[in-house]
>>> print(open('protein_26.tsv').read())   # TSV, C-alpha atoms
chain	number	residue	atom	x	y	z
A	204	MET	CA	28.71	-31.01	-9.01
A	205	THR	CA	30.59	-27.86	-9.93
A	206	PHE	CA	31.29	-24.99	-7.57
A	207	ASP	CA	28.56	-22.86	-9.21
A	208	ASP	CA	26.05	-25.71	-8.99
A	209	GLU	CA	26.85	-26.16	-5.30
A	210	LYS	CA	26.49	-22.42	-4.67
A	211	ASP	CA	23.11	-22.34	-6.46
A	212	TYR	CA	21.97	-25.43	-4.57
A	213	ILE	CA	22.82	-23.87	-1.21
A	214	MET	CA	21.09	-20.62	-2.18
A	215	ARG	CA	17.94	-22.54	-3.22
A	216	ILE	CA	17.90	-24.43	0.08
A	217	ILE	CA	18.25	-21.22	2.09
A	218	LYS	CA	15.50	-19.42	0.15
A	219	GLU	CA	13.19	-22.41	0.45
A	220	MET	CA	13.83	-22.66	4.21
A	221	VAL	CA	12.97	-18.98	4.65
A	222	ARG	CA	9.84	-19.36	2.52
A	223	VAL	CA	8.64	-22.42	4.45
A	224	LEU	CA	9.47	-20.83	7.81
A	225	PHE	CA	7.42	-17.74	6.95
A	226	SER	CA	4.55	-19.90	5.72
A	227	LEU	CA	4.50	-21.95	8.93
A	228	MET	CA	4.87	-19.00	11.28
A	229	LEU	CA	2.34	-16.75	9.59
A	230	GLY	CA	-0.05	-19.42	8.31
A	231	LYS	CA	0.07	-18.16	4.74
A	232	LYS	CA	1.71	-19.35	1.57
A	233	TYR	CA	4.61	-17.12	0.63
A	234	VAL	CA	6.13	-17.37	-2.81
A	235	ALA	CA	8.97	-15.00	-1.94
A	236	VAL	CA	10.06	-13.13	1.15
A	237	GLU	CA	10.58	-9.49	0.33
A	238	MET	CA	13.71	-7.82	1.60
A	239	GLU	CA	12.73	-4.27	2.38
A	240	ARG	CA	15.22	-2.20	4.35
A	241	ASP	CA	12.44	-0.43	6.21
A	242	ASN	CA	10.41	-3.50	7.08
A	243	GLY	CA	10.32	-2.72	10.81
A	244	TYR	CA	11.65	-6.07	11.99
A	245	GLU	CA	13.82	-5.91	15.10
A	246	VAL	CA	16.02	-8.22	17.14
A	247	SER	CA	16.41	-7.14	20.78
A	248	GLY	CA	15.72	-3.53	19.95
A	249	ARG	CA	18.10	-3.37	16.98
A	250	LYS	CA	16.49	-2.94	13.57
A	251	LEU	CA	17.12	-5.62	10.97
A	252	ALA	CA	18.26	-2.85	8.63
A	253	GLU	CA	21.19	-2.14	10.99
A	254	LEU	CA	22.28	-5.77	10.84
A	255	LEU	CA	22.02	-5.76	7.05
A	256	GLU	CA	24.18	-2.63	6.94
A	257	MET	CA	26.76	-4.45	9.07
A	258	ILE	CA	26.77	-7.22	6.47
A	259	ASP	CA	27.28	-4.66	3.70
A	260	ARG	CA	30.27	-3.24	5.60
A	261	GLY	CA	31.75	-6.72	5.85
A	262	GLU	CA	31.05	-7.11	9.57
A	263	ILE	CA	29.31	-10.43	8.96
A	264	ASN	CA	30.60	-12.35	11.98
A	265	LYS	CA	29.91	-9.44	14.30
A	266	ALA	CA	26.36	-9.06	12.94
A	267	GLU	CA	25.66	-12.80	13.22
A	268	ASN	CA	27.05	-12.92	16.75
A	269	PHE	CA	24.80	-10.05	17.82
A	270	LEU	CA	21.84	-11.71	16.13
A	271	LEU	CA	22.36	-15.08	17.77
A	272	GLU	CA	23.28	-13.76	21.23
A	273	SER	CA	20.18	-11.64	21.50
A	274	LEU	CA	17.60	-13.70	19.60
A	275	ASP	CA	14.34	-14.50	21.39
A	276	TYR	CA	13.29	-17.83	19.86
A	277	SER	CA	9.76	-17.45	21.23
A	278	ASP	CA	9.18	-14.22	19.28
A	279	LYS	CA	8.00	-14.84	15.71
A	280	ASN	CA	9.10	-11.38	14.57
A	281	SER	CA	12.63	-12.00	15.83
A	282	ILE	CA	12.71	-15.37	14.05
A	283	ALA	CA	11.43	-13.70	10.87
A	284	ALA	CA	14.12	-11.03	11.14
A	285	ALA	CA	16.82	-13.68	11.62
A	286	ALA	CA	15.53	-15.64	8.61
A	287	MET	CA	15.65	-12.49	6.48
A	288	PHE	CA	19.17	-11.83	7.78
A	289	TYR	CA	20.32	-15.21	6.46
A	290	GLN	CA	18.43	-14.82	3.19
A	291	TYR	CA	20.10	-11.45	2.62
A	292	LEU	CA	23.47	-12.92	3.48
A	293	SER	CA	22.92	-15.83	1.09
A	294	GLU	CA	22.44	-13.40	-1.78
A	295	LYS	CA	25.91	-11.90	-1.36
A	296	GLU	CA	28.54	-12.85	-3.91
A	297	GLU	CA	30.85	-15.69	-2.94
A	298	LYS	CA	33.84	-13.37	-3.33
A	299	PHE	CA	32.35	-10.92	-0.83
A	300	LEU	CA	31.72	-13.69	1.69
A	301	ILE	CA	35.23	-15.09	1.34
A	302	GLU	CA	36.80	-11.62	1.69
A	303	HIS	CA	35.00	-11.28	5.02
A	304	ASP	CA	35.80	-14.76	6.38
A	305	PHE	CA	32.40	-16.29	5.70
A	306	SER	CA	31.01	-18.94	3.35
A	307	ARG	CA	27.71	-20.08	1.90
A	308	GLU	CA	28.00	-23.22	3.97
A	309	GLU	CA	28.10	-21.06	7.12
A	310	VAL	CA	24.97	-19.26	5.93
A	311	LEU	CA	23.21	-22.60	5.45
A	312	ASP	CA	24.43	-23.75	8.86
A	313	GLY	CA	23.13	-20.53	10.43
A	314	ILE	CA	19.63	-20.80	8.96
A	315	SER	CA	19.55	-24.50	9.86
A	316	ARG	CA	20.49	-23.75	13.49
A	317	LEU	CA	17.86	-21.00	13.59
A	318	MET	CA	15.14	-23.35	12.38
A	319	ARG	CA	16.15	-26.10	14.80
A	320	GLN	CA	16.19	-23.79	17.81
A	321	ALA	CA	12.92	-22.17	16.76
A	322	GLY	CA	11.27	-25.60	16.74
A	323	TYR	CA	11.21	-26.25	12.99
A	324	ALA	CA	13.87	-28.98	12.74
A	325	ASP	CA	11.69	-31.32	10.66
A	326	VAL	CA	11.29	-28.65	8.01
A	327	ILE	CA	15.00	-28.82	7.20
A	328	ASP	CA	14.72	-32.41	5.95
A	329	ILE	CA	11.54	-31.64	4.04
A	330	VAL	CA	13.06	-28.59	2.36
A	331	GLU	CA	16.24	-30.41	1.43
A	332	GLY	CA	14.14	-33.25	0.01
A	333	THR	CA	12.01	-30.85	-2.01
A	334	VAL	CA	15.01	-28.98	-3.37
A	335	ILE	CA	16.60	-32.18	-4.64
A	336	GLY	CA	13.33	-33.22	-6.25
A	337	ILE	CA	11.70	-35.41	-3.60
A	338	ASP	CA	8.24	-34.12	-2.85
A	339	THR	CA	7.38	-35.62	0.52
A	340	TYR	CA	9.07	-36.24	3.79
A	341	SER	CA	8.14	-39.94	3.72
A	342	GLU	CA	9.77	-40.41	0.32
A	343	TYR	CA	12.86	-38.62	1.61
A	344	ASN	CA	13.18	-41.01	4.55
A	345	LYS	CA	12.93	-44.10	2.30
A	346	ILE	CA	16.25	-43.27	0.62
>>> encode(input="protein_26.tsv", output="structure tokens")
Amino acid sequence: MTFDDEKDYIMRIIKEMVRVLFSLMLGKKYVAVEMERDNGYEVSGRKLAELLEMIDRGEINKAENFLLESLDYSDKNSIAAAAMFYQYLSEKEEKFLIEHDFSREEVLDGISRLMRQAGYADVIDIVEGTVIGIDTYSEYNKI
């Protein structure tokens, strides 16, 4: 697997995790999660747009720390905001992430931790199985 293939694979996993998370939380099928700056999502009183601006300024670690320290895992809107945070971060160029001491693997780790702590740990295995071409959880576990 080349570096570009690995990067694309990680991005697909992250996008699929966000899509599945939104579908489970909101009870609807989502093909794509829209990233609107003025979407109104908040985490502990801070708008998601502010956290995304921190990412754009290269303050990735600071933004993630704030997100994780103040996240209410019982609030679906906060979980949705955190998922969109990681989706947005995953769409940044590798060069940008490296320049700001971050990596795609850290983005994947962040969204995985979010899903586990929000009670969606089983979804991670299902999503990873689907992304690599295995359609069901039971087939994934047979490997």
>>> residues_around(input="protein_26.tsv", residues="A:Leu274", least_positions_apart="4", cutoff="9 Å", atoms="all atoms listed in the file", output="count of residues only")
8
>>> residues_near_point(input="protein_26.tsv", point="(19.6, -18.2, 6.0)", cutoff="12 Å", atoms="only C-alpha atoms", output="number ranges by chain")
A: 213-224, 236, 267, 282-295, 306-318, 327
>>> atom_distance(input="protein_26.tsv", atom1="atom CA of A:Tyr323", atom2="atom CA of A:Glu272")
19.2 Å
>>> closest_residue(input="protein_26.tsv", among="A:Leu300, A:Ser273, A:Lys279, A:Ser226", to="A:Asp259", atoms="all atoms listed in the file")
A:Leu300
>>> residues_near_point(input="protein_26.tsv", point="(17.9, -4.2, 12.7)", cutoff="10 Å", atoms="all atoms listed in the file", output="list in words")
Arg240, Asp241, Asn242, Gly243, Tyr244, Glu245, Val246, Ser247, Gly248, Arg249, Lys250, Leu251, Ala252, Glu253, Leu254, Leu255, Glu256, Met257, Ala266, Leu270, Ser281, Ala284, Ala285 and Phe288 of chain A
